[in-house]
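Below is one structure; the comments refer to it alone.
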Amino acid sequence: MSGVTLATVPQNEPSGAGNKAATKPATATTQESMMGGVMGSLRVIELQLVAFIMVFSASGLVPLFDLVFPAFASAYLLILSRLAFPSRGGSGSSTREIFQASRLFRLYVIVGTTVGLFLPLAYVLGGFARGDDHAVRSATPHLFLLSFQILSENIISGLSLFSPPVRALVPLLYTVRRIFVILDWMHDVWINKTLPANAHATDVAWYWFGRSLAAANLLYFSINLFGFLIPRFLPRAFEKYFQERDEIHSKMAEDKRSAFTNRAQSADKKSD
């Protein structure tokens with residue numbers, strides 16, 4: 001959701017030839033089994049996200065603009081992939097890393113997943129259980145857009161149709177929109193919602209949990225947008241794209257020179 005799905009896609013290792021392919025070490029087999037398990041988990045996560053999206057869409061709690069935003073974003077990304085930034089790296093381009101993630105960065109993503117996805121989901125479910133329609137209505141648009149973002153990142157990361165700049169724009173577009181949604185969430189829980197004078201301790205705790213959660217999401221995703229996606233992730237994606245383009249142009253120029261040299265040598269032999 002911060003772009004980590006697109007940033008840390010594992011690279012395909014070149015397959016060995018001859019006896020090396022037949023004598024694959026046990027550790028490689030174990031790694032492949034682990035990767036298969038991870039990919040299977042991703043498929044399960046995608047199905048869960050689709051279920052969330054359908055429930056949120058049918059609940060009537062998501063504004064119309066946020067409902068159509070994923071369709072607009074997907075259409076815009078497809079247009080960019082065709083006209084502005086077509087994929088140049090072939091079938092293997094989708095497996096190349098855009099950003100080399102460290103352990104600290106992975107911890108940062110885990111924190112973001114907890115703050116941005118798991119805790120808001122618990123807040124919405126708790127709102128249903130407590131009959132707090134205000135809490136449910138405030139946090140649902142953010143969850144809807146974040147579910148769409150994660151699903152889009154998981155799908156696009158495995159398609160060679162999309163070049164690095166287009167793939168990097170997925171978390172950027174969704175994060176920009178979600179910051180405005182979170183601002184509405186902040187306004188709802190900090191200004192529009194008030195505690196009754198005779199509120200119980202559990203009501204007070206729930207009230208401040210909603211406030212703290214909205215503030216934490218605004219802080220995290222603002223840092224994510226202005227401290228990572230714009231200054232680091234997006235420039236790295238464009239750098240890799242233009243590097244691939246220059247490599248392709250250089251190879252094409254070299255092939256043309258070789259073809260011209262071969263034709264010239266053939267002409268010289270015929271003249272002799």
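Chain identifiers are assigned as A, B, and so on, following the order in which chains appear in the structure tokens; residues are numbered from 1 within each chain, and ligands are numbered from 1 in order of appearance.
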
**Request:** Write out as a list in words the residues lying within 8 Å of A:Leu77, counting only C-alpha atoms and excluding same-chain residues fewer than 2 positions away.
**Result:**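 Within the cut-off, the hits are Ala73, Ser74, Ala75, Ile79, Leu80, Ser81, Val166, Leu169 and Val170 of chain A.
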
Generate the output file for the selected residues, N, CA, C and O atoms, as a PDB file, in the first residue's frame.
```pdb
ATOM      1  N   ALA A  73      -8.907   5.884 -12.043  1.00  0.00           N
ATOM      2  CA  ALA A  73      -7.469   5.654 -11.898  1.00  0.00           C
ATOM      3  C   ALA A  73      -6.994   4.528 -12.813  1.00  0.00           C
ATOM      4  O   ALA A  73      -5.943   4.638 -13.450  1.00  0.00           O
ATOM      5  N   SER A  74      -7.761   3.449 -12.903  1.00  0.00           N
ATOM      6  CA  SER A  74      -7.373   2.323 -13.754  1.00  0.00           C
ATOM      7  C   SER A  74      -7.358   2.730 -15.224  1.00  0.00           C
ATOM      8  O   SER A  74      -6.429   2.377 -15.971  1.00  0.00           O
ATOM      9  N   ALA A  75      -8.385   3.474 -15.661  1.00  0.00           N
ATOM     10  CA  ALA A  75      -8.424   3.928 -17.049  1.00  0.00           C
ATOM     11  C   ALA A  75      -7.267   4.864 -17.349  1.00  0.00           C
ATOM     12  O   ALA A  75      -6.628   4.774 -18.419  1.00  0.00           O
ATOM     13  N   ILE A  79      -4.197   4.307 -20.090  1.00  0.00           N
ATOM     14  CA  ILE A  79      -3.865   5.284 -21.130  1.00  0.00           C
ATOM     15  C   ILE A  79      -2.388   5.648 -21.066  1.00  0.00           C
ATOM     16  O   ILE A  79      -1.694   5.719 -22.098  1.00  0.00           O
ATOM     17  N   LEU A  80      -1.868   5.855 -19.857  1.00  0.00           N
ATOM     18  CA  LEU A  80      -0.452   6.163 -19.714  1.00  0.00           C
ATOM     19  C   LEU A  80       0.421   5.014 -20.206  1.00  0.00           C
ATOM     20  O   LEU A  80       1.470   5.238 -20.832  1.00  0.00           O
ATOM     21  N   SER A  81      -0.006   3.781 -19.912  1.00  0.00           N
ATOM     22  CA  SER A  81       0.799   2.631 -20.327  1.00  0.00           C
ATOM     23  C   SER A  81       0.817   2.459 -21.834  1.00  0.00           C
ATOM     24  O   SER A  81       1.747   1.855 -22.381  1.00  0.00           O
ATOM     25  N   VAL A 166       4.389   3.831 -14.553  1.00  0.00           N
ATOM     26  CA  VAL A 166       2.958   3.592 -14.404  1.00  0.00           C
ATOM     27  C   VAL A 166       2.696   2.803 -13.128  1.00  0.00           C
ATOM     28  O   VAL A 166       1.738   3.091 -12.385  1.00  0.00           O
ATOM     29  N   LEU A 169       2.874   5.011 -10.108  1.00  0.00           N
ATOM     30  CA  LEU A 169       1.775   5.960  -9.961  1.00  0.00           C
ATOM     31  C   LEU A 169       0.566   5.363  -9.239  1.00  0.00           C
ATOM     32  O   LEU A 169      -0.305   6.108  -8.789  1.00  0.00           O
ATOM     33  N   VAL A 170       0.503   4.045  -9.132  1.00  0.00           N
ATOM     34  CA  VAL A 170      -0.642   3.417  -8.455  1.00  0.00           C
ATOM     35  C   VAL A 170      -0.719   3.855  -6.993  1.00  0.00           C
ATOM     36  O   VAL A 170      -1.727   4.438  -6.559  1.00  0.00           O
TER      37      VAL A 170
END
```

**Fill in**
With distances taken over only C-alpha atoms, the candidate from A:Ser147, A:Ser138, A:Ser163, A:Thr114 nearest A:Ala216 is A:Thr114

**Asked** Which neighbours of stretch 222-234 of chain A fall inside 9 Å, counting only C-alpha atoms, when residues of the same chain fewer than 3 positions from it are skipped, and could you give them as a list in words?
**Response**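 Residues meeting the cut-off are Ser2, Gly3, Ala7, Ile98, Phe99, Pro164, Pro165, Ala168, Leu169, Pro171, Leu172, Thr175, Val176, Ile179, Asn217, Leu218, Leu219, Ala237, Phe238 and Glu239 of chain A.
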
Store the residues picked out above, limited to N, CA and C atoms, as a PDB file, in the first residue's frame.
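Here's the written file again-v3.pdb:
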```pdb
ATOM      1  N   SER A   2       2.113   1.157   0.434  1.00  0.00           N
ATOM      2  CA  SER A   2       3.016   2.284   0.307  1.00  0.00           C
ATOM      3  C   SER A   2       3.851   2.148  -0.943  1.00  0.00           C
ATOM      4  N   GLY A   3       3.511   1.148  -1.769  1.00  0.00           N
ATOM      5  CA  GLY A   3       4.304   0.869  -2.953  1.00  0.00           C
ATOM      6  C   GLY A   3       5.234  -0.304  -2.755  1.00  0.00           C
ATOM      7  N   ALA A   7       7.606  -2.232  -5.173  1.00  0.00           N
ATOM      8  CA  ALA A   7       9.005  -1.892  -4.950  1.00  0.00           C
ATOM      9  C   ALA A   7       9.882  -3.110  -4.782  1.00  0.00           C
ATOM     10  N   ILE A  98      11.850  -1.997  -8.410  1.00  0.00           N
ATOM     11  CA  ILE A  98      11.924  -0.549  -8.562  1.00  0.00           C
ATOM     12  C   ILE A  98      12.725   0.050  -7.418  1.00  0.00           C
ATOM     13  N   PHE A  99      12.524  -0.468  -6.226  1.00  0.00           N
ATOM     14  CA  PHE A  99      13.175   0.082  -5.045  1.00  0.00           C
ATOM     15  C   PHE A  99      13.646  -1.073  -4.172  1.00  0.00           C
ATOM     16  N   PRO A 164       7.674   0.784 -15.184  1.00  0.00           N
ATOM     17  CA  PRO A 164       7.900   1.248 -13.810  1.00  0.00           C
ATOM     18  C   PRO A 164       7.214   2.563 -13.456  1.00  0.00           C
ATOM     19  N   PRO A 165       7.222   3.609 -14.310  1.00  0.00           N
ATOM     20  CA  PRO A 165       6.511   4.842 -13.908  1.00  0.00           C
ATOM     21  C   PRO A 165       5.021   4.628 -13.696  1.00  0.00           C
ATOM     22  N   ALA A 168       4.498   2.838 -10.452  1.00  0.00           N
ATOM     23  CA  ALA A 168       4.755   3.704  -9.301  1.00  0.00           C
ATOM     24  C   ALA A 168       3.630   4.695  -9.066  1.00  0.00           C
ATOM     25  N   LEU A 169       2.874   5.011 -10.108  1.00  0.00           N
ATOM     26  CA  LEU A 169       1.775   5.960  -9.961  1.00  0.00           C
ATOM     27  C   LEU A 169       0.566   5.363  -9.239  1.00  0.00           C
ATOM     28  N   PRO A 171       0.317   3.606  -6.168  1.00  0.00           N
ATOM     29  CA  PRO A 171       0.209   4.070  -4.777  1.00  0.00           C
ATOM     30  C   PRO A 171       0.164   5.580  -4.669  1.00  0.00           C
ATOM     31  N   LEU A 172       0.789   6.291  -5.622  1.00  0.00           N
ATOM     32  CA  LEU A 172       0.790   7.748  -5.555  1.00  0.00           C
ATOM     33  C   LEU A 172      -0.621   8.314  -5.730  1.00  0.00           C
ATOM     34  N   THR A 175      -2.868   7.274  -2.723  1.00  0.00           N
ATOM     35  CA  THR A 175      -2.498   7.914  -1.467  1.00  0.00           C
ATOM     36  C   THR A 175      -2.923   9.373  -1.448  1.00  0.00           C
ATOM     37  N   VAL A 176      -2.760  10.067  -2.571  1.00  0.00           N
ATOM     38  CA  VAL A 176      -3.215  11.463  -2.644  1.00  0.00           C
ATOM     39  C   VAL A 176      -4.710  11.557  -2.358  1.00  0.00           C
ATOM     40  N   ILE A 179      -5.578  10.761   1.373  1.00  0.00           N
ATOM     41  CA  ILE A 179      -5.268  11.813   2.346  1.00  0.00           C
ATOM     42  C   ILE A 179      -6.451  12.766   2.500  1.00  0.00           C
ATOM     43  N   ASN A 217      -3.317   7.692  10.941  1.00  0.00           N
ATOM     44  CA  ASN A 217      -3.375   7.457   9.495  1.00  0.00           C
ATOM     45  C   ASN A 217      -2.971   8.697   8.720  1.00  0.00           C
ATOM     46  N   LEU A 218      -3.415   9.864   9.152  1.00  0.00           N
ATOM     47  CA  LEU A 218      -3.023  11.094   8.468  1.00  0.00           C
ATOM     48  C   LEU A 218      -1.513  11.311   8.559  1.00  0.00           C
ATOM     49  N   LEU A 219      -0.939  11.060   9.726  1.00  0.00           N
ATOM     50  CA  LEU A 219       0.499  11.230   9.906  1.00  0.00           C
ATOM     51  C   LEU A 219       1.287  10.239   9.055  1.00  0.00           C
ATOM     52  N   ALA A 237      11.591   5.021 -10.201  1.00  0.00           N
ATOM     53  CA  ALA A 237      10.847   4.354 -11.269  1.00  0.00           C
ATOM     54  C   ALA A 237      11.162   4.985 -12.630  1.00  0.00           C
ATOM     55  N   PHE A 238      11.187   6.317 -12.698  1.00  0.00           N
ATOM     56  CA  PHE A 238      11.519   6.986 -13.959  1.00  0.00           C
ATOM     57  C   PHE A 238      12.974   6.717 -14.355  1.00  0.00           C
ATOM     58  N   GLU A 239      13.861   6.672 -13.375  1.00  0.00           N
ATOM     59  CA  GLU A 239      15.266   6.380 -13.669  1.00  0.00           C
ATOM     60  C   GLU A 239      15.420   5.001 -14.316  1.00  0.00           C
TER      61      GLU A 239
END
```

**Item:** Who sits within 6 Å of stretch 57-68 of chain A, only C-alpha atoms, same chain under 4 positions skipped, as number ranges by chain
**Value:** A: 53, 137, 141

**Request:** Go through A:Ala214, A:Gly131, A:Ile156, A:Ala197 one by one, measure the shortest atom-to-atom distance of each to A:Leu143 using only C-alpha atoms, and give the residue with the smallest value.
**Result:**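 Smallest distance to A:Leu143 is found for A:Ala214.
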
**Request:** To one decimal in Å, tell me the separation between atom CA of A:Ala135 and atom CA of A:Trp185.
**Result:**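 So the answer is 8.9 Å.
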
**Prompt:** Separation of atom CA of A:Phe105 and atom CA of A:Phe52, in Å?
**Reply:** 26.7 Å
